[in-house]
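Asker: My structure is in structure11.cif, and what it holds is mmCIF, C-alpha atoms and all ligand atoms:
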data_data
loop_
_atom_site.group_PDB
_atom_site.id
_atom_site.type_symbol
_atom_site.label_atom_id
_atom_site.label_comp_id
_atom_site.auth_asym_id
_atom_site.auth_seq_id
_atom_site.Cartn_x
_atom_site.Cartn_y
_atom_site.Cartn_z
ATOM 1 C CA MET A 910 23.941 2.363 24.677
ATOM 2 C CA ASP A 911 21.716 -0.282 26.166
ATOM 3 C CA LEU A 912 20.322 -2.935 23.838
ATOM 4 C CA GLN A 913 17.559 -4.699 25.736
ATOM 5 C CA ILE A 914 15.488 -7.654 24.612
ATOM 6 C CA THR A 915 11.811 -6.899 25.274
ATOM 7 C CA ASP A 916 9.512 -9.741 26.314
ATOM 8 C CA GLY A 917 7.131 -10.626 23.528
ATOM 9 C CA GLU A 918 3.844 -12.466 23.569
ATOM 10 C CA ILE A 919 2.747 -14.867 20.900
ATOM 11 C CA GLY A 920 0.101 -13.320 18.644
ATOM 12 C CA VAL A 921 0.821 -9.761 19.804
ATOM 13 C CA ARG A 922 2.234 -7.609 17.019
ATOM 14 C CA PRO A 923 3.207 -4.176 18.308
ATOM 15 C CA PRO A 924 3.636 -1.372 15.776
ATOM 16 C CA VAL A 925 7.134 -1.393 14.375
ATOM 17 C CA ALA A 926 9.257 1.492 13.108
ATOM 18 C CA LYS A 927 11.765 0.914 10.329
ATOM 19 C CA PRO A 928 15.432 1.473 11.195
ATOM 20 C CA HIS A 929 16.630 5.071 10.893
ATOM 21 C CA PRO A 930 18.177 5.483 7.399
ATOM 22 C CA GLY A 931 21.198 7.017 9.120
ATOM 23 C CA PHE A 932 22.186 3.525 10.255
ATOM 24 C CA LEU A 933 22.717 2.125 6.770
ATOM 25 C CA HIS A 934 24.105 5.440 5.604
ATOM 26 C CA GLU A 935 26.842 5.414 8.235
ATOM 27 C CA VAL A 936 27.572 1.683 8.164
ATOM 28 C CA GLY A 937 27.617 1.352 4.373
ATOM 29 C CA GLU A 938 26.287 -1.586 2.373
ATOM 30 C CA GLU A 939 29.385 -3.786 2.581
ATOM 31 C CA ARG A 940 29.722 -3.496 6.356
ATOM 32 C CA PHE A 941 25.974 -3.994 6.679
ATOM 33 C CA LYS A 942 26.264 -7.216 4.704
ATOM 34 C CA LYS A 943 29.095 -8.387 6.966
ATOM 35 C CA LEU A 944 26.878 -7.702 9.992
ATOM 36 C CA VAL A 945 24.068 -9.885 8.654
ATOM 37 C CA TYR A 946 26.479 -12.599 7.486
ATOM 38 C CA ASP A 947 28.295 -12.626 10.856
ATOM 39 C CA HIS A 948 24.910 -13.122 12.526
ATOM 40 C CA TYR A 949 24.244 -16.143 10.365
ATOM 41 C CA GLU A 950 27.707 -17.540 11.145
ATOM 42 C CA ALA A 951 26.928 -17.133 14.852
ATOM 43 C CA ILE A 952 23.638 -18.986 14.345
ATOM 44 C CA LYS A 953 25.577 -22.037 13.097
ATOM 45 C CA THR A 954 26.949 -22.806 16.560
ATOM 46 C CA SER A 955 23.906 -21.640 18.546
ATOM 47 C CA ASP A 956 20.893 -23.375 20.070
ATOM 48 C CA ILE A 957 18.751 -22.212 17.130
ATOM 49 C CA ALA A 958 21.004 -23.772 14.462
ATOM 50 C CA PHE A 959 18.445 -26.579 14.023
ATOM 51 C CA LEU A 960 16.004 -24.094 12.468
ATOM 52 C CA PHE A 961 18.408 -23.142 9.670
ATOM 53 C CA PRO A 962 19.913 -25.083 6.731
ATOM 54 C CA VAL A 963 23.302 -25.361 8.451
ATOM 55 C CA PHE A 964 24.285 -28.627 6.784
ATOM 56 C CA ASP A 965 23.890 -27.376 3.229
ATOM 57 C CA ASP A 966 26.440 -24.693 2.323
ATOM 58 C CA GLU A 967 24.549 -23.550 -0.740
ATOM 59 C CA ASP A 968 21.211 -23.221 1.057
ATOM 60 C CA PHE A 969 22.897 -21.505 3.972
ATOM 61 C CA GLU A 970 24.554 -18.951 1.666
ATOM 62 C CA GLU A 971 21.181 -18.276 0.068
ATOM 63 C CA ALA A 972 19.562 -17.825 3.466
ATOM 64 C CA LYS A 973 22.199 -15.219 4.333
ATOM 65 C CA GLU A 974 21.702 -13.400 1.063
ATOM 66 C CA HIS A 975 17.935 -13.250 1.524
ATOM 67 C CA ALA A 976 18.266 -11.878 5.036
ATOM 68 C CA PHE A 977 20.723 -9.245 3.845
ATOM 69 C CA ALA A 978 18.507 -8.317 0.882
ATOM 70 C CA PHE A 979 15.548 -7.787 3.193
ATOM 71 C CA LEU A 980 17.295 -5.944 5.990
ATOM 72 C CA VAL A 981 19.096 -3.560 3.642
ATOM 73 C CA GLU A 982 15.773 -2.804 1.945
ATOM 74 C CA ILE A 983 13.890 -2.197 5.191
ATOM 75 C CA SER A 984 16.777 0.030 6.304
ATOM 76 C CA GLY A 985 16.242 2.400 3.393
ATOM 77 C CA GLY A 986 18.637 0.825 0.878
ATOM 78 C CA PRO A 987 18.011 -0.716 -2.557
ATOM 79 C CA ASP A 988 14.960 -2.968 -2.909
ATOM 80 C CA TYR A 989 17.003 -6.137 -3.409
ATOM 81 C CA PHE A 990 14.505 -8.347 -1.608
ATOM 82 C CA THR A 991 11.481 -7.171 -3.564
ATOM 83 C CA GLN A 992 13.406 -7.600 -6.815
ATOM 84 C CA THR A 993 14.616 -11.120 -6.092
ATOM 85 C CA ARG A 994 12.013 -12.608 -3.726
ATOM 86 C CA GLY A 995 8.882 -10.511 -4.268
ATOM 87 C CA GLN A 996 6.504 -9.410 -1.539
ATOM 88 C CA HIS A 997 7.902 -9.264 1.975
ATOM 89 C CA GLN A 998 5.331 -11.502 3.701
ATOM 90 C CA MET A 999 7.685 -12.093 6.600
ATOM 91 C CA VAL A 1000 5.081 -13.717 8.832
ATOM 92 C CA GLY A 1001 4.152 -16.194 6.094
ATOM 93 C CA ARG A 1002 7.770 -16.879 5.167
ATOM 94 C CA HIS A 1003 8.548 -17.785 8.789
ATOM 95 C CA ALA A 1004 5.408 -19.895 9.216
ATOM 96 C CA PRO A 1005 7.081 -23.201 8.192
ATOM 97 C CA PHE A 1006 9.521 -22.861 11.104
ATOM 98 C CA ARG A 1007 8.610 -23.408 14.736
ATOM 99 C CA ILE A 1008 9.811 -20.127 16.237
ATOM 100 C CA ASP A 1009 9.115 -19.707 19.930
ATOM 101 C CA GLU A 1010 9.967 -16.830 22.280
ATOM 102 C CA HIS A 1011 13.105 -18.617 23.422
ATOM 103 C CA ALA A 1012 14.345 -18.959 19.821
ATOM 104 C CA ARG A 1013 13.517 -15.294 19.225
ATOM 105 C CA LYS A 1014 15.597 -14.297 22.226
ATOM 106 C CA SER A 1015 18.532 -16.431 21.103
ATOM 107 C CA TRP A 1016 18.305 -14.919 17.628
ATOM 108 C CA LEU A 1017 18.356 -11.394 19.083
ATOM 109 C CA ALA A 1018 21.126 -12.193 21.581
ATOM 110 C CA LEU A 1019 23.364 -13.192 18.664
ATOM 111 C CA TYR A 1020 22.901 -9.738 17.119
ATOM 112 C CA LYS A 1021 23.673 -7.868 20.330
ATOM 113 C CA PRO A 1022 27.513 -8.133 20.450
ATOM 114 C CA LEU A 1023 27.726 -7.582 16.690
ATOM 115 C CA LEU A 1024 25.821 -4.312 17.018
ATOM 116 C CA GLU A 1025 27.678 -3.227 20.146
ATOM 117 C CA ALA A 1026 30.954 -3.613 18.234
ATOM 118 C CA LEU A 1027 29.801 -0.950 15.783
ATOM 119 C CA VAL A 1028 30.146 1.743 18.460
ATOM 120 C CA ASP A 1029 33.918 1.268 18.355
ATOM 121 C CA GLU A 1030 33.766 1.695 14.596
ATOM 122 C CA GLY A 1031 32.272 5.146 15.070
ATOM 123 C CA ILE A 1032 28.627 4.407 14.280
ATOM 124 C CA THR A 1033 26.195 6.719 16.092
ATOM 125 C CA PRO A 1034 24.672 4.802 19.039
ATOM 126 C CA GLU A 1035 21.185 6.219 18.355
ATOM 127 C CA TYR A 1036 21.290 4.710 14.861
ATOM 128 C CA ILE A 1037 22.423 1.352 16.231
ATOM 129 C CA GLU A 1038 19.573 1.489 18.762
ATOM 130 C CA SER A 1039 17.115 2.261 16.000
ATOM 131 C CA PHE A 1040 18.205 -0.865 14.069
ATOM 132 C CA TRP A 1041 18.094 -2.928 17.270
ATOM 133 C CA ASN A 1042 14.610 -1.655 18.142
ATOM 134 C CA TYR A 1043 13.394 -2.741 14.731
ATOM 135 C CA LEU A 1044 14.765 -6.257 15.270
ATOM 136 C CA ASP A 1045 13.522 -6.402 18.865
ATOM 137 C CA ILE A 1046 9.945 -5.479 17.969
ATOM 138 C CA PHE A 1047 9.524 -7.024 14.533
ATOM 139 C CA SER A 1048 10.921 -10.360 15.683
ATOM 140 C CA MET A 1049 7.870 -10.565 18.014
ATOM 141 C CA TRP A 1050 5.688 -10.782 14.918
ATOM 142 C CA LEU A 1051 7.487 -13.923 13.790
ATOM 143 C CA VAL A 1052 6.985 -15.985 16.931
ATOM 144 C CA ASN A 1053 4.461 -18.639 15.937
ATOM 145 C CA THR A 1054 4.981 -21.404 18.504
ATOM 146 C CA LYS A 1055 4.404 -21.574 22.267
ATOM 147 C CA SER A 1056 7.539 -22.212 24.342
HETATM 148 C C1 LIG B 1 13.278 -8.827 12.733
HETATM 149 C C2 LIG B 1 13.458 -10.136 12.737
HETATM 150 C C3 LIG B 1 13.666 -10.982 11.498
HETATM 151 C C4 LIG B 1 13.786 -10.639 10.191
HETATM 152 C C5 LIG B 1 13.736 -9.248 9.576
HETATM 153 C C6 LIG B 1 13.942 -11.868 9.431
HETATM 154 C C7 LIG B 1 14.114 -11.942 8.073
HETATM 155 C C8 LIG B 1 14.193 -13.089 7.341
HETATM 156 C C9 LIG B 1 14.245 -13.161 5.907
HETATM 157 C C10 LIG B 1 14.229 -11.984 4.964
HETATM 158 C C11 LIG B 1 14.289 -14.455 5.553
HETATM 159 C C12 LIG B 1 14.332 -15.030 4.127
HETATM 160 C C13 LIG B 1 12.912 -15.270 3.661
HETATM 161 C C14 LIG B 1 12.833 -15.659 2.193
HETATM 162 O O1 LIG B 1 13.544 -15.115 1.379
HETATM 163 O O2 LIG B 1 12.002 -16.516 1.853
HETATM 164 C C15 LIG B 1 14.274 -15.218 6.778
HETATM 165 C C16 LIG B 1 14.331 -16.590 6.846
HETATM 166 C C17 LIG B 1 14.356 -17.291 7.995
HETATM 167 N N1 LIG B 1 14.268 -16.798 9.267
HETATM 168 FE FE1 LIG B 1 14.097 -14.871 9.769
HETATM 169 N N2 LIG B 1 13.939 -12.920 10.303
HETATM 170 C C18 LIG B 1 13.768 -12.426 11.560
HETATM 171 C C19 LIG B 1 13.700 -13.154 12.723
HETATM 172 C C20 LIG B 1 13.839 -14.491 12.804
HETATM 173 C C21 LIG B 1 13.846 -15.241 14.031
HETATM 174 C C22 LIG B 1 13.663 -14.626 15.432
HETATM 175 C C23 LIG B 1 14.029 -16.553 13.697
HETATM 176 C C24 LIG B 1 14.118 -17.756 14.564
HETATM 177 C C25 LIG B 1 14.679 -17.740 15.735
HETATM 178 C C26 LIG B 1 14.113 -16.611 12.246
HETATM 179 C C27 LIG B 1 14.275 -17.769 11.520
HETATM 180 C C28 LIG B 1 14.336 -17.830 10.152
HETATM 181 C C29 LIG B 1 14.439 -19.082 9.406
HETATM 182 C C30 LIG B 1 14.529 -20.463 10.003
HETATM 183 C C31 LIG B 1 14.477 -18.733 8.065
HETATM 184 C C32 LIG B 1 14.590 -19.684 6.864
HETATM 185 C C33 LIG B 1 16.025 -19.913 6.520
HETATM 186 C C34 LIG B 1 16.117 -20.736 5.265
HETATM 187 O O3 LIG B 1 15.974 -21.941 5.349
HETATM 188 O O4 LIG B 1 16.304 -20.149 4.189
HETATM 189 N N3 LIG B 1 14.000 -15.355 11.740
HETATM 190 N N4 LIG B 1 14.227 -14.369 7.843
#
What is this file in structure tokens?
Ligand code: HEM

Answerer:
Amino acid sequence: MDLQITDGEIGVRPPVAKPHPGFLHEVGEERFKKLVYDHYEAIKTSDIAFLFPVFDDEDFEEAKEHAFAFLVEISGGPDYFTQTRGQHQMVGRHAPFRIDEHARKSWLALYKPLLEALVDEGITPEYIESFWNYLDIFSMWLVNTKS
């Protein structure tokens, strides 16, 4: 399994495929939540921490929950995000934050070891790759600032 970060270009939004439903099916909702929460914990001590509400525990918990709600929904699970937050509008929701290609790459790099660890837990590599590919491509859409 080879999880590569593709170079993106600001303003270029390549077509994106949703993660294969087999990923969530195999991982299960609780483990999936731990994956997203672990990513947020890794953000806290990263070079992109400044973008997130790391100094407010309550806000940070909410940020985690929203990310989980969205990712589980896009992965074929329950529509938690739509129920609690409404329309996806991911580009608009990221617009207040200055996200450049470097920040995108840091964000993705923090997911990489967490996803690689799932191989040892018996998750099918093709499913992991499918989730990674979604993050790799869709994150390009959210870059709104030149490096
Ligand atoms: C596929 C890639 C990504 C997905 C699916 C995603 C998803 C989300 C979701 C669902 C939210 C919550 C929005 C809301 O409920 O209003 C969010 C918030 C946020 N995202 Fe992302 N995101 C992605 C990539 C990134 C990247 C690359 C960065 C920056 C490096 C980033 C920075 C943020 C920030 C700063 C917030 C706001 C946190 C807060 O204060 O609540 N996101 N993201």

Asker: For Gly917 in chain A, which residue among A:Asp1009, A:Glu1025, A:Glu1038, A:Glu1030 is the nearest when counting all atoms listed in the file?

Answerer: A:Asp1009

Asker: Tell me which protein, DNA and RNA residues are within 7 Å of range 940-953 of chain A, counting all atoms listed in the file, leaving out same-chain ones fewer than 5 positions away, and put them as a list in words.

Answerer: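 Within the cut-off, the hits are Leu933, Ala958, Val963, Lys973, Phe977, Leu1019, Tyr1020 and Leu1023 of chain A.
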
Asker: Calculate, to one decimal in Å, the centre and edge lengths of the box along x, y and z of the file that holds all listed atoms of ligand LIG 1 (chain B) with 8 Å of margin on each side, and present them as lines of an AutoDock Vina configuration file.

Answerer:
center_x = 14.2
center_y = -15.4
center_z = 8.6
size_x = 20.3
size_y = 29.1
size_z = 30.4

Asker: Let me make sure I understand: among A:Ile1046, A:Phe932, A:Gln913, A:His1011, which one has the smallest atom-to-atom distance to Gly1031 in chain A if we use all atoms listed in the file?

Answerer: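 Of the candidates, the smallest distance to Gly1031 in chain A is held by A:Phe932.
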
Asker: What are the closest atom pairs, with distances in Å to one decimal, for all residues of chain A lying within 8 Å of ligand LIG 1 (chain B)? Consider only C-alpha atoms and all ligand atoms, order rows by chain and residue number, and present the result as a Markdown table.

Answerer:
| residue | atom | partner | partner_atom | distance |
| --- | --- | --- | --- | --- |
| A:Ile957 | CA | B:LIG1 | C25 | 6.2 |
| A:Leu960 | CA | B:LIG1 | C30 | 4.6 |
| A:Phe961 | CA | B:LIG1 | C30 | 4.7 |
| A:Pro962 | CA | B:LIG1 | O3 | 5.2 |
| A:Asp968 | CA | B:LIG1 | O4 | 6.6 |
| A:Phe969 | CA | B:LIG1 | O4 | 6.7 |
| A:Glu971 | CA | B:LIG1 | O4 | 6.7 |
| A:Ala972 | CA | B:LIG1 | O4 | 4.1 |
| A:Lys973 | CA | B:LIG1 | O4 | 7.7 |
| A:His975 | CA | B:LIG1 | O1 | 4.8 |
| A:Ala976 | CA | B:LIG1 | C10 | 4.0 |
| A:Phe977 | CA | B:LIG1 | C10 | 7.1 |
| A:Ala978 | CA | B:LIG1 | C10 | 7.0 |
| A:Phe979 | CA | B:LIG1 | C10 | 4.7 |
| A:Leu980 | CA | B:LIG1 | C5 | 6.0 |
| A:Phe990 | CA | B:LIG1 | O1 | 7.5 |
| A:Arg994 | CA | B:LIG1 | O1 | 5.9 |
| A:His997 | CA | B:LIG1 | C10 | 7.5 |
| A:Met999 | CA | B:LIG1 | C7 | 6.6 |
| A:Arg1002 | CA | B:LIG1 | O2 | 5.4 |
| A:His1003 | CA | B:LIG1 | N1 | 5.8 |
| A:Phe1006 | CA | B:LIG1 | C30 | 5.7 |
| A:Arg1007 | CA | B:LIG1 | C24 | 7.9 |
| A:Ile1008 | CA | B:LIG1 | C24 | 5.2 |
| A:Asp1009 | CA | B:LIG1 | C25 | 7.2 |
| A:His1011 | CA | B:LIG1 | C25 | 7.9 |
| A:Ala1012 | CA | B:LIG1 | C25 | 4.3 |
| A:Arg1013 | CA | B:LIG1 | C22 | 3.9 |
| A:Lys1014 | CA | B:LIG1 | C22 | 7.1 |
| A:Ser1015 | CA | B:LIG1 | C25 | 6.7 |
| A:Trp1016 | CA | B:LIG1 | C25 | 5.0 |
| A:Leu1017 | CA | B:LIG1 | C22 | 6.8 |
| A:Tyr1043 | CA | B:LIG1 | C1 | 6.4 |
| A:Leu1044 | CA | B:LIG1 | C1 | 3.9 |
| A:Asp1045 | CA | B:LIG1 | C1 | 6.6 |
| A:Ile1046 | CA | B:LIG1 | C1 | 7.1 |
| A:Phe1047 | CA | B:LIG1 | C1 | 4.5 |
| A:Ser1048 | CA | B:LIG1 | C2 | 3.9 |
| A:Met1049 | CA | B:LIG1 | C22 | 7.5 |
| A:Leu1051 | CA | B:LIG1 | C19 | 6.4 |
| A:Val1052 | CA | B:LIG1 | C22 | 7.0 |

Asker: With all atoms listed in the file as the basis for distance, which of A:Glu1035, A:Glu1010, A:Asp1029, A:Asp965 is at the shortest distance from Val921 in chain A?

Answerer: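 Looking only at the distances to Val921 in chain A, the closest residue turns out to be A:Glu1010.
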
Asker: Suppose you want the space between CA of Ile1032 in chain A and CA of Met910 in chain A; what is it in Å?

Answerer: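 Atom-to-atom, CA of Ile1032 in chain A to CA of Met910 in chain A, that is 11.6 Å.
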
Asker: Which residue, A:Glu938, A:Glu974, A:Asp956, A:Asp988, has the smallest gap to Ala1018 in chain A when you use all atoms listed in the file?

Answerer: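 Among A:Glu938, A:Glu974, A:Asp956, A:Asp988, it is A:Asp956 that comes nearest to Ala1018 in chain A.
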
Asker: Mind telling me what the PyMOL selection byres (((chain A and resi 927) around 8) and not hetatm) catches here, as a JSON list (two decimals) with C-alpha atoms, keeping the file's coordinate frame?

Answerer:
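File written: selection15.json
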[["chain", "number", "residue", "atom", "x", "y", "z"],
["A", 925, "VAL", "CA", 7.13, -1.39, 14.38],
["A", 926, "ALA", "CA", 9.26, 1.49, 13.11],
["A", 928, "PRO", "CA", 15.43, 1.47, 11.20],
["A", 929, "HIS", "CA", 16.63, 5.07, 10.89],
["A", 983, "ILE", "CA", 13.89, -2.20, 5.19],
["A", 984, "SER", "CA", 16.78, 0.03, 6.30],
["A", 1039, "SER", "CA", 17.11, 2.26, 16.00],
["A", 1040, "PHE", "CA", 18.20, -0.86, 14.07],
["A", 1043, "TYR", "CA", 13.39, -2.74, 14.73]]

Asker: Can I get a file of range 935-1025 of chain A from the given structure, C-alpha atoms kept, as a PDB file, in the first residue's frame?

Answerer:
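Printed below is part39.pdb as written:
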ATOM      1  CA  GLU A 935     -14.790  -3.025   7.757  1.00  0.00           C
ATOM      2  CA  VAL A 936     -13.523  -0.368  10.166  1.00  0.00           C
ATOM      3  CA  GLY A 937     -16.827   0.138  11.985  1.00  0.00           C
ATOM      4  CA  GLU A 938     -18.187   3.441  13.265  1.00  0.00           C
ATOM      5  CA  GLU A 939     -16.366   3.480  16.605  1.00  0.00           C
ATOM      6  CA  ARG A 940     -12.942   2.793  15.103  1.00  0.00           C
ATOM      7  CA  PHE A 941     -13.698   5.302  12.359  1.00  0.00           C
ATOM      8  CA  LYS A 942     -14.437   7.919  14.998  1.00  0.00           C
ATOM      9  CA  LYS A 943     -11.152   7.124  16.754  1.00  0.00           C
ATOM     10  CA  LEU A 944      -9.333   7.610  13.438  1.00  0.00           C
ATOM     11  CA  VAL A 945     -10.790  11.085  12.941  1.00  0.00           C
ATOM     12  CA  TYR A 946     -10.276  12.028  16.600  1.00  0.00           C
ATOM     13  CA  ASP A 947      -6.654  10.792  16.550  1.00  0.00           C
ATOM     14  CA  HIS A 948      -6.080  13.002  13.503  1.00  0.00           C
ATOM     15  CA  TYR A 949      -7.349  16.008  15.398  1.00  0.00           C
ATOM     16  CA  GLU A 950      -5.133  15.142  18.379  1.00  0.00           C
ATOM     17  CA  ALA A 951      -2.161  14.995  16.000  1.00  0.00           C
ATOM     18  CA  ILE A 952      -3.119  18.414  14.621  1.00  0.00           C
ATOM     19  CA  LYS A 953      -2.728  19.909  18.120  1.00  0.00           C
ATOM     20  CA  THR A 954       1.055  19.526  18.056  1.00  0.00           C
ATOM     21  CA  SER A 955       1.533  20.156  14.322  1.00  0.00           C
ATOM     22  CA  ASP A 956       2.458  23.183  12.226  1.00  0.00           C
ATOM     23  CA  ILE A 957      -1.216  23.641  11.288  1.00  0.00           C
ATOM     24  CA  ALA A 958      -2.444  23.830  14.906  1.00  0.00           C
ATOM     25  CA  PHE A 959      -2.827  27.614  14.519  1.00  0.00           C
ATOM     26  CA  LEU A 960      -5.737  27.061  12.116  1.00  0.00           C
ATOM     27  CA  PHE A 961      -7.773  25.109  14.677  1.00  0.00           C
ATOM     28  CA  PRO A 962      -9.371  26.053  18.028  1.00  0.00           C
ATOM     29  CA  VAL A 963      -6.660  24.245  20.004  1.00  0.00           C
ATOM     30  CA  PHE A 964      -6.887  26.485  23.060  1.00  0.00           C
ATOM     31  CA  ASP A 965     -10.585  25.925  23.671  1.00  0.00           C
ATOM     32  CA  ASP A 966     -11.379  22.338  24.688  1.00  0.00           C
ATOM     33  CA  GLU A 967     -15.078  22.680  24.004  1.00  0.00           C
ATOM     34  CA  ASP A 968     -14.618  24.177  20.536  1.00  0.00           C
ATOM     35  CA  PHE A 969     -11.960  21.612  19.731  1.00  0.00           C
ATOM     36  CA  GLU A 970     -14.262  18.734  20.731  1.00  0.00           C
ATOM     37  CA  GLU A 971     -16.975  20.199  18.521  1.00  0.00           C
ATOM     38  CA  ALA A 972     -14.561  20.513  15.614  1.00  0.00           C
ATOM     39  CA  LYS A 973     -13.708  16.820  15.976  1.00  0.00           C
ATOM     40  CA  GLU A 974     -17.348  15.830  16.110  1.00  0.00           C
ATOM     41  CA  HIS A 975     -18.177  17.809  12.975  1.00  0.00           C
ATOM     42  CA  ALA A 976     -15.311  16.254  11.052  1.00  0.00           C
ATOM     43  CA  PHE A 977     -16.377  12.782  12.145  1.00  0.00           C
ATOM     44  CA  ALA A 978     -20.026  13.477  11.276  1.00  0.00           C
ATOM     45  CA  PHE A 979     -19.042  14.558   7.777  1.00  0.00           C
ATOM     46  CA  LEU A 980     -16.508  11.864   7.008  1.00  0.00           C
ATOM     47  CA  VAL A 981     -18.752   9.047   8.219  1.00  0.00           C
ATOM     48  CA  GLU A 982     -21.562  10.423   6.049  1.00  0.00           C
ATOM     49  CA  ILE A 983     -19.416  10.769   2.931  1.00  0.00           C
ATOM     50  CA  SER A 984     -18.149   7.229   3.562  1.00  0.00           C
ATOM     51  CA  GLY A 985     -21.641   5.784   3.244  1.00  0.00           C
ATOM     52  CA  GLY A 986     -22.680   5.894   6.911  1.00  0.00           C
ATOM     53  CA  PRO A 987     -25.521   7.749   8.660  1.00  0.00           C
ATOM     54  CA  ASP A 988     -26.146  11.350   7.590  1.00  0.00           C
ATOM     55  CA  TYR A 989     -25.013  12.831  10.905  1.00  0.00           C
ATOM     56  CA  PHE A 990     -23.534  15.938   9.314  1.00  0.00           C
ATOM     57  CA  THR A 991     -26.606  16.818   7.278  1.00  0.00           C
ATOM     58  CA  GLN A 992     -28.796  16.302  10.344  1.00  0.00           C
ATOM     59  CA  THR A 993     -26.723  18.460  12.674  1.00  0.00           C
ATOM     60  CA  ARG A 994     -24.981  20.994  10.408  1.00  0.00           C
ATOM     61  CA  GLY A 995     -27.084  21.080   7.235  1.00  0.00           C
ATOM     62  CA  GLN A 996     -25.708  21.336   3.721  1.00  0.00           C
ATOM     63  CA  HIS A 997     -22.139  20.184   3.208  1.00  0.00           C
ATOM     64  CA  GLN A 998     -20.744  23.360   1.607  1.00  0.00           C
ATOM     65  CA  MET A 999     -17.207  22.315   2.443  1.00  0.00           C
ATOM     66  CA  VAL A1000     -15.547  24.970   0.300  1.00  0.00           C
ATOM     67  CA  GLY A1001     -17.581  27.719   1.977  1.00  0.00           C
ATOM     68  CA  ARG A1002     -17.062  26.296   5.459  1.00  0.00           C
ATOM     69  CA  HIS A1003     -13.284  26.352   4.941  1.00  0.00           C
ATOM     70  CA  ALA A1004     -13.278  29.834   3.401  1.00  0.00           C
ATOM     71  CA  PRO A1005     -12.694  31.673   6.727  1.00  0.00           C
ATOM     72  CA  PHE A1006      -9.394  29.812   7.169  1.00  0.00           C
ATOM     73  CA  ARG A1007      -6.250  30.529   5.188  1.00  0.00           C
ATOM     74  CA  ILE A1008      -5.482  27.051   3.855  1.00  0.00           C
ATOM     75  CA  ASP A1009      -2.499  26.848   1.540  1.00  0.00           C
ATOM     76  CA  GLU A1010      -0.958  23.841  -0.224  1.00  0.00           C
ATOM     77  CA  HIS A1011       1.597  23.455   2.545  1.00  0.00           C
ATOM     78  CA  ALA A1012      -1.152  23.279   5.198  1.00  0.00           C
ATOM     79  CA  ARG A1013      -3.032  20.778   3.033  1.00  0.00           C
ATOM     80  CA  LYS A1014       0.040  18.576   2.842  1.00  0.00           C
ATOM     81  CA  SER A1015       0.592  18.744   6.597  1.00  0.00           C
ATOM     82  CA  TRP A1016      -3.057  17.869   7.175  1.00  0.00           C
ATOM     83  CA  LEU A1017      -2.767  14.845   4.868  1.00  0.00           C
ATOM     84  CA  ALA A1018       0.601  13.763   6.294  1.00  0.00           C
ATOM     85  CA  LEU A1019      -1.021  13.515   9.734  1.00  0.00           C
ATOM     86  CA  TYR A1020      -3.578  11.046   8.356  1.00  0.00           C
ATOM     87  CA  LYS A1021      -0.990   8.853   6.655  1.00  0.00           C
ATOM     88  CA  PRO A1022       0.420   6.888   9.652  1.00  0.00           C
ATOM     89  CA  LEU A1023      -3.063   6.572  11.155  1.00  0.00           C
ATOM     90  CA  LEU A1024      -4.337   4.942   7.970  1.00  0.00           C
ATOM     91  CA  GLU A1025      -1.247   2.786   7.512  1.00  0.00           C
TER      92      GLU A1025
END
